[in-house]
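Coordinates as given in final.txt (compact mmCIF, C-alpha atoms):
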```
# COMPACT_ATOMS: atom_id res chain seq x y z
CA MET A 1 20.41 39.48 -36.06
CA ALA A 2 17.11 40.28 -34.32
CA LYS A 3 16.74 38.60 -30.92
CA ASP A 4 14.04 35.96 -30.43
CA THR A 5 11.55 37.22 -27.84
CA VAL A 6 8.49 35.51 -29.36
CA TYR A 7 7.68 33.48 -26.27
CA LYS A 8 8.07 36.34 -23.85
CA ALA A 9 4.79 37.67 -25.21
CA GLN A 10 3.21 34.65 -26.93
CA ASP A 11 -0.27 33.83 -25.64
CA PRO A 12 -0.37 30.51 -23.77
CA GLY A 13 -2.02 27.84 -25.87
CA GLU A 14 -1.22 29.50 -29.20
CA PRO A 15 0.26 26.85 -31.54
CA PHE A 16 3.62 27.44 -33.20
CA ARG A 17 3.36 29.05 -36.64
CA PHE A 18 5.97 30.13 -39.17
CA ASN A 19 4.53 33.64 -39.32
CA ALA A 20 6.12 37.06 -39.79
CA GLY A 21 7.06 37.33 -36.13
CA VAL A 22 8.96 34.03 -36.25
CA ALA A 23 10.52 34.85 -39.63
CA ALA A 24 11.93 38.11 -38.26
CA VAL A 25 13.89 36.34 -35.49
CA PHE A 26 14.34 32.88 -37.01
CA PRO A 27 18.17 32.88 -37.30
CA ASP A 28 18.49 33.76 -33.61
CA MET A 29 15.82 31.19 -32.68
CA LEU A 30 17.73 28.45 -34.48
CA ARG A 31 21.11 29.50 -33.09
CA ARG A 32 19.88 29.48 -29.50
CA SER A 33 17.47 26.53 -29.73
CA ILE A 34 19.11 23.84 -31.87
CA PRO A 35 22.51 22.63 -30.66
CA GLY A 36 24.72 21.63 -33.57
CA TYR A 37 22.75 23.63 -36.13
CA ALA A 38 25.78 25.51 -37.45
CA ALA A 39 27.68 22.22 -37.83
CA SER A 40 24.85 20.75 -39.88
CA LEU A 41 24.98 23.69 -42.30
CA GLU A 42 28.75 23.40 -42.63
CA ALA A 43 28.39 19.71 -43.48
CA ILE A 44 25.67 20.42 -46.05
CA GLY A 45 28.16 22.57 -47.92
CA SER A 46 30.85 19.88 -47.72
CA LEU A 47 28.43 17.19 -48.88
CA ALA A 48 27.29 19.35 -51.78
CA ALA A 49 30.90 19.62 -52.95
CA ARG A 50 31.13 15.81 -52.94
CA TYR A 51 27.74 14.72 -54.27
CA VAL A 52 26.26 17.38 -56.53
CA ARG A 53 26.75 16.56 -60.20
CA ALA A 54 26.87 18.94 -63.16
CA GLY A 55 23.54 19.88 -64.67
CA THR A 56 21.45 18.43 -61.84
CA ARG A 57 19.04 19.91 -59.33
CA CYS A 58 19.28 20.23 -55.55
CA TYR A 59 16.24 20.61 -53.31
CA ASP A 60 15.87 22.44 -50.00
CA LEU A 61 12.48 21.22 -48.80
CA GLY A 62 11.04 23.38 -46.07
CA CYS A 63 13.72 25.97 -46.75
CA SER A 64 12.58 28.61 -44.20
CA LEU A 65 15.09 31.45 -44.71
CA GLY A 66 17.30 29.49 -47.12
CA ALA A 67 20.27 28.65 -44.90
CA ALA A 68 20.64 25.14 -46.33
CA SER A 69 20.21 26.46 -49.89
CA LEU A 70 23.02 28.94 -49.37
CA ALA A 71 25.19 26.26 -47.76
CA MET A 72 24.70 24.05 -50.83
CA ARG A 73 25.41 26.99 -53.14
CA GLN A 74 28.68 27.70 -51.36
CA GLY A 75 29.73 24.06 -51.57
CA ILE A 76 28.70 23.16 -55.12
CA ARG A 77 31.66 22.84 -57.48
CA ALA A 78 29.83 21.40 -60.50
CA GLU A 79 28.54 23.55 -63.37
CA GLY A 80 24.96 24.14 -64.47
CA CYS A 81 23.22 23.24 -61.21
CA ARG A 82 19.99 24.69 -59.86
CA ILE A 83 18.78 24.75 -56.26
CA VAL A 84 15.01 24.58 -55.73
CA ALA A 85 14.00 25.96 -52.33
CA VAL A 86 10.43 25.28 -51.23
CA ASP A 87 8.41 26.48 -48.24
CA ASN A 88 4.67 26.87 -47.64
CA ALA A 89 4.95 29.83 -45.24
CA PRO A 90 4.56 33.16 -47.10
CA ALA A 91 6.46 35.09 -44.41
CA MET A 92 9.42 32.72 -44.68
CA ILE A 93 9.55 32.82 -48.48
CA GLU A 94 9.29 36.62 -48.52
CA ARG A 95 12.20 37.05 -46.12
CA CYS A 96 14.16 34.23 -47.79
CA ARG A 97 13.84 35.98 -51.14
CA SER A 98 15.53 39.08 -49.73
CA ILE A 99 18.33 37.07 -48.07
CA VAL A 100 19.01 35.02 -51.21
CA ARG A 101 18.96 38.10 -53.44
CA ASP A 102 21.49 39.90 -51.25
CA GLU A 103 23.77 36.84 -51.07
CA CYS A 104 23.67 36.30 -54.82
CA ARG A 105 24.57 39.95 -55.37
CA ARG A 106 27.59 39.56 -53.09
CA GLN A 107 28.61 36.30 -54.75
CA PRO A 108 27.17 36.27 -58.28
CA GLU A 109 29.09 33.15 -59.26
CA GLY A 110 27.25 30.06 -58.16
CA ALA A 111 24.19 27.90 -58.67
CA ALA A 112 20.88 29.64 -59.26
CA ILE A 113 18.34 29.40 -56.44
CA GLU A 114 14.67 29.11 -57.41
CA LEU A 115 12.27 29.96 -54.57
CA VAL A 116 8.89 28.25 -54.56
CA GLU A 117 6.02 29.00 -52.20
CA GLY A 118 4.19 25.70 -51.97
CA ASP A 119 3.64 22.41 -50.21
CA ILE A 120 6.67 20.13 -50.29
CA LEU A 121 4.31 17.15 -50.63
CA ASP A 122 3.22 18.59 -53.99
CA THR A 123 6.74 19.46 -55.16
CA GLU A 124 7.94 17.68 -58.29
CA ILE A 125 11.40 16.30 -57.61
CA SER A 126 13.48 15.15 -60.59
CA ASP A 127 17.06 14.84 -61.80
CA ALA A 128 18.31 15.54 -58.28
CA SER A 129 21.76 14.81 -56.93
CA MET A 130 21.02 16.21 -53.45
CA ALA A 131 18.00 16.94 -51.28
CA VAL A 132 17.83 18.47 -47.81
CA LEU A 133 15.09 18.16 -45.19
CA ASN A 134 16.57 20.32 -42.45
CA TYR A 135 14.21 20.04 -39.46
CA THR A 136 11.23 19.79 -41.82
CA LEU A 137 9.90 16.22 -41.80
CA GLN A 138 9.02 16.54 -38.10
CA PHE A 139 6.34 19.12 -39.00
CA LEU A 140 4.58 16.82 -41.48
CA PRO A 141 1.76 14.58 -40.23
CA PRO A 142 3.29 11.14 -39.55
CA ALA A 143 0.96 9.60 -42.15
CA ASP A 144 2.59 11.76 -44.87
CA ARG A 145 6.23 11.05 -44.03
CA ASP A 146 6.60 7.82 -46.00
CA THR A 147 5.14 9.61 -49.04
CA MET A 148 7.59 12.49 -48.70
CA ILE A 149 10.63 10.25 -48.44
CA ARG A 150 9.39 8.19 -51.40
CA ARG A 151 9.02 11.34 -53.52
CA ILE A 152 12.58 12.33 -52.70
CA PHE A 153 13.94 8.85 -53.39
CA ASP A 154 12.15 8.67 -56.74
CA GLY A 155 13.51 12.09 -57.75
CA LEU A 156 17.12 11.41 -56.80
CA ASN A 157 19.58 10.12 -59.35
CA ASP A 158 21.55 6.98 -58.52
CA GLY A 159 24.19 7.91 -55.98
CA GLY A 160 22.18 10.95 -54.92
CA LEU A 161 22.17 12.14 -51.33
CA LEU A 162 19.49 13.06 -48.81
CA VAL A 163 20.37 15.03 -45.68
CA LEU A 164 17.67 14.62 -43.03
CA SER A 165 17.97 16.63 -39.81
CA GLU A 166 15.38 16.11 -37.08
CA LYS A 167 14.57 16.43 -33.44
CA VAL A 168 14.18 12.87 -32.18
CA VAL A 169 12.77 11.04 -29.19
CA ASP A 170 14.65 8.30 -27.35
CA PRO A 171 12.76 5.03 -26.77
CA ASP A 172 14.23 4.79 -23.26
CA PRO A 173 12.11 7.12 -21.05
CA ALA A 174 14.97 7.78 -18.64
CA MET A 175 17.34 8.72 -21.46
CA GLU A 176 14.65 10.84 -23.11
CA ALA A 177 14.11 12.75 -19.86
CA LEU A 178 17.87 13.37 -19.58
CA LEU A 179 18.15 14.59 -23.19
CA VAL A 180 15.20 16.93 -22.78
CA ASP A 181 16.69 18.34 -19.58
CA LEU A 182 20.07 18.86 -21.25
CA HIS A 183 18.37 20.64 -24.15
CA HIS A 184 16.49 22.93 -21.77
CA GLU A 185 19.75 23.66 -19.98
CA HIS A 186 21.26 24.57 -23.36
CA LYS A 187 18.41 27.01 -23.91
CA ARG A 188 18.84 28.55 -20.47
CA ARG A 189 22.54 29.09 -21.20
CA ASN A 190 21.40 30.91 -24.33
CA ASP A 191 19.30 33.33 -22.30
CA TYR A 192 15.86 31.77 -22.66
CA SER A 193 13.78 32.00 -19.49
CA ALA A 194 11.97 29.03 -17.97
CA LEU A 195 8.69 30.67 -19.03
CA GLU A 196 9.84 31.01 -22.66
CA ILE A 197 11.00 27.38 -22.71
CA SER A 198 7.70 26.18 -21.26
CA ARG A 199 5.59 28.28 -23.61
CA LYS A 200 7.46 27.17 -26.71
CA ARG A 201 7.27 23.51 -25.70
CA ALA A 202 3.50 23.86 -25.29
CA ALA A 203 3.20 25.69 -28.64
CA LEU A 204 5.04 22.89 -30.45
CA GLU A 205 2.96 20.09 -28.93
CA ASN A 206 1.06 18.27 -31.70
CA VAL A 207 2.78 20.55 -34.25
CA LEU A 208 6.28 19.06 -34.11
CA ILE A 209 5.95 15.28 -33.68
CA PRO A 210 9.36 13.61 -33.26
CA GLU A 211 10.25 10.01 -34.03
CA THR A 212 13.13 7.77 -32.98
CA VAL A 213 16.37 7.42 -34.92
CA ASP A 214 15.43 3.81 -35.68
CA GLN A 215 12.11 4.89 -37.18
CA HIS A 216 13.88 7.32 -39.50
CA ARG A 217 16.54 4.82 -40.53
CA GLU A 218 14.03 2.04 -41.11
CA ARG A 219 11.89 4.33 -43.28
CA LEU A 220 14.88 5.32 -45.40
CA LEU A 221 16.08 1.76 -45.93
CA ARG A 222 12.54 0.49 -46.54
CA THR A 223 12.11 3.15 -49.22
CA GLY A 224 15.20 1.86 -51.02
CA PHE A 225 18.16 3.97 -49.92
CA SER A 226 21.27 1.82 -50.03
CA SER A 227 22.63 3.21 -46.77
CA ALA A 228 21.59 5.59 -44.03
CA ALA A 229 23.49 6.67 -40.94
CA VAL A 230 23.58 9.37 -38.28
CA TRP A 231 26.59 11.58 -38.87
CA LEU A 232 25.83 14.23 -36.24
CA ARG A 233 24.01 14.07 -32.91
CA TYR A 234 23.73 16.66 -30.16
CA PHE A 235 21.32 15.74 -27.37
CA ASN A 236 17.98 15.00 -29.07
CA PHE A 237 18.90 16.56 -32.42
CA VAL A 238 20.35 14.43 -35.19
CA SER A 239 21.40 14.70 -38.80
CA ILE A 240 21.22 11.62 -41.00
CA ILE A 241 22.70 11.07 -44.45
CA ALA A 242 21.10 8.59 -46.84
CA ILE A 243 22.46 7.57 -50.22
CA ARG A 244 20.38 6.23 -53.07
```
Structure re-expressed in structure tokens:
Amino acid sequence: MAKDTVYKAQDPGEPFRFNAGVAAVFPDMLRRSIPGYAASLEAIGSLAARYVRAGTRCYDLGCSLGAASLAMRQGIRAEGCRIVAVDNAPAMIERCRSIVRDECRRQPEGAAIELVEGDILDTEISDASMAVLNYTLQFLPPADRDTMIRRIFDGLNDGGLLVLSEKVVDPDPAMEALLVDLHHEHKRRNDYSALEISRKRAALENVLIPETVDQHRERLLRTGFSSAAVWLRYFNFVSIIAIR
């Protein structure tokens, strides 16, 4: 696993991009930056075992290097399923293709994974029993988020599941300040310098726009999901499950 040193050299003021440099170190970046990330992947596999139905599709929207797709593939027990993994970053899709190919060679039995380079807002979603937005919605313009959730809802079969993982903001300023400080402490424990933390935070400003847990839950229920709840939270990172 290549070590993330992107923000040791990143020019100040350069916005965050899912380019080749990020793709090369992305697993390490996630491991060191997002507390609870491994637990979210483990749960995606467990949920796939419970909710994915034979002959249906699963969607990994904003798949990056395909970790959620592979977690679903490992968990799926039903026959004849296909996982559609979509990302608009060419560097991510290129590296994901290699990772998925190697994994499928090691474990040939399992659902097929179809990789699509494209905009998730343009992705046709149909006959789905499970969809995953793993730290993806936060990168969409807020004006497009209702549309994205509606597209997923319309493409899910009855009883289908959405897993939505996001960085969130707390409406209480004092609590938000505490959560941010705890997250930065987590990064320092994982060998990020104060300069790297500061540079990445600046790079993500106006690129990653977080919302509150209540905003996410209200959107899901307003769209028509029968239930939605946080199942995992670690500081200002949450994972929500919603059932159609």
Tell me, as a compact mmCIF listing (two decimals) with C-alpha atoms, keeping the file's coordinate frame, which residues lie within 12 Å of A:Leu61, counting all atoms listed in the file; anything in the same chain fewer than 6 positions away does not count.
```txt
# COMPACT_ATOMS: atom_id res chain seq x y z
CA ALA A 67 20.27 28.65 -44.90
CA ALA A 68 20.64 25.14 -46.33
CA SER A 69 20.21 26.46 -49.89
CA ILE A 83 18.78 24.75 -56.26
CA VAL A 84 15.01 24.58 -55.73
CA ALA A 85 14.00 25.96 -52.33
CA VAL A 86 10.43 25.28 -51.23
CA ASP A 87 8.41 26.48 -48.24
CA ASN A 88 4.67 26.87 -47.64
CA ALA A 89 4.95 29.83 -45.24
CA ILE A 93 9.55 32.82 -48.48
CA GLU A 114 14.67 29.11 -57.41
CA LEU A 115 12.27 29.96 -54.57
CA VAL A 116 8.89 28.25 -54.56
CA GLU A 117 6.02 29.00 -52.20
CA GLY A 118 4.19 25.70 -51.97
CA ASP A 119 3.64 22.41 -50.21
CA ILE A 120 6.67 20.13 -50.29
CA LEU A 121 4.31 17.15 -50.63
CA ASP A 122 3.22 18.59 -53.99
CA THR A 123 6.74 19.46 -55.16
CA GLU A 124 7.94 17.68 -58.29
CA ILE A 125 11.40 16.30 -57.61
CA MET A 130 21.02 16.21 -53.45
CA ALA A 131 18.00 16.94 -51.28
CA VAL A 132 17.83 18.47 -47.81
CA LEU A 133 15.09 18.16 -45.19
CA ASN A 134 16.57 20.32 -42.45
CA TYR A 135 14.21 20.04 -39.46
CA THR A 136 11.23 19.79 -41.82
CA LEU A 137 9.90 16.22 -41.80
CA PHE A 139 6.34 19.12 -39.00
CA LEU A 140 4.58 16.82 -41.48
CA MET A 148 7.59 12.49 -48.70
CA ILE A 149 10.63 10.25 -48.44
CA ARG A 151 9.02 11.34 -53.52
CA ILE A 152 12.58 12.33 -52.70
CA LEU A 162 19.49 13.06 -48.81
CA VAL A 163 20.37 15.03 -45.68
CA LEU A 164 17.67 14.62 -43.03
CA SER A 165 17.97 16.63 -39.81
```
Original post:
Nearest to A:Ala54 among A:Glu218, A:Asp102, A:Glu42, A:Asp127, with distances taken over all atoms listed in the file: which residue is it?
Top reply: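 Residue with the minimum atom-to-atom distance to A:Ala54: A:Asp127.
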Original post:
With all atoms listed in the file as the atoms that count, which of A:Ala23, A:Ala194, A:Arg219, A:Val213 lies nearest to A:Ile99?
Top reply: A:Ala23
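Of the residues under consideration (A:Ser33, A:Ala24, A:Glu14, A:Arg73), A:Ser33 shows the shortest atom-to-atom contact distance to A:Lys187 when counting all atoms listed in the file.
Nearest residue to A:Glu94 among A:Ile113, A:Ala20, A:Val52, A:Leu232 is A:Ala20, counting all atoms listed in the file.
The smallest atom-to-atom distance between A:Asn157 and any of A:Cys58, A:Cys63, A:Leu47, A:Ile209, using all atoms listed in the file, is found for A:Cys58.
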Original post:
With all atoms listed in the file as the atoms that count, which of A:Leu41, A:Arg31, A:Phe16, A:Val168 lies nearest to A:Arg189?
Top reply: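 Looking at the shortest contact to A:Arg189, the residue is A:Arg31.
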All residues 12 Å or closer to A:Ile197, only C-alpha atoms, same chain fewer than 4 positions away omitted, as a short mmCIF file (atom, residue, chain, number, x, y, z; two decimals) with C-alpha atoms, in the coordinates of the input:
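What landed in result-v2.cif:
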```
data_model
loop_
_atom_site.label_atom_id
_atom_site.label_comp_id
_atom_site.auth_asym_id
_atom_site.auth_seq_id
_atom_site.Cartn_x
_atom_site.Cartn_y
_atom_site.Cartn_z
CA ASP A 4 14.04 35.96 -30.43
CA THR A 5 11.55 37.22 -27.84
CA VAL A 6 8.49 35.51 -29.36
CA TYR A 7 7.68 33.48 -26.27
CA LYS A 8 8.07 36.34 -23.85
CA GLN A 10 3.21 34.65 -26.93
CA PRO A 12 -0.37 30.51 -23.77
CA MET A 29 15.82 31.19 -32.68
CA ARG A 32 19.88 29.48 -29.50
CA SER A 33 17.47 26.53 -29.73
CA VAL A 180 15.20 16.93 -22.78
CA ASP A 181 16.69 18.34 -19.58
CA HIS A 183 18.37 20.64 -24.15
CA HIS A 184 16.49 22.93 -21.77
CA GLU A 185 19.75 23.66 -19.98
CA HIS A 186 21.26 24.57 -23.36
CA LYS A 187 18.41 27.01 -23.91
CA ARG A 188 18.84 28.55 -20.47
CA ARG A 189 22.54 29.09 -21.20
CA ASN A 190 21.40 30.91 -24.33
CA ASP A 191 19.30 33.33 -22.30
CA TYR A 192 15.86 31.77 -22.66
CA SER A 193 13.78 32.00 -19.49
CA ARG A 201 7.27 23.51 -25.70
CA ALA A 202 3.50 23.86 -25.29
CA ALA A 203 3.20 25.69 -28.64
CA LEU A 204 5.04 22.89 -30.45
#
```
**OP:** Could you please determine the separation between atom CA of A:Gly21 and atom CA of A:Asn206 in Å, to one decimal place?
**Re:**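 Separation of atom CA of A:Gly21 and atom CA of A:Asn206: 20.5 Å.
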Original post:
atom CA of A:Pro35 and atom CA of A:Asn236 are how many Å apart?
Top reply: 9.0 Å
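Taking atom CA of A:Val238 and atom CA of A:Lys167 as endpoints, the distance between them is 6.4 Å.
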Please give the centre and size of the box around stretch 127-132 of chain A (axis-aligned, containing every atom listed in the file, 8 Å added per side), with values in Å to one decimal and written as lines of an AutoDock Vina configuration file.
```
center_x = 19.4
center_y = 16.6
center_z = -54.8
size_x = 20.7
size_y = 19.7
size_z = 30.0
```
**OP:** For A:Ala43, please output as a PyMOL selection string all residues within 10 Å (counting all atoms listed in the file; exclusion window: fewer than 3 positions along the same chain).
**Re:** chain A and resi 38-40+46-49+68+71-72+75+163+231-232+239
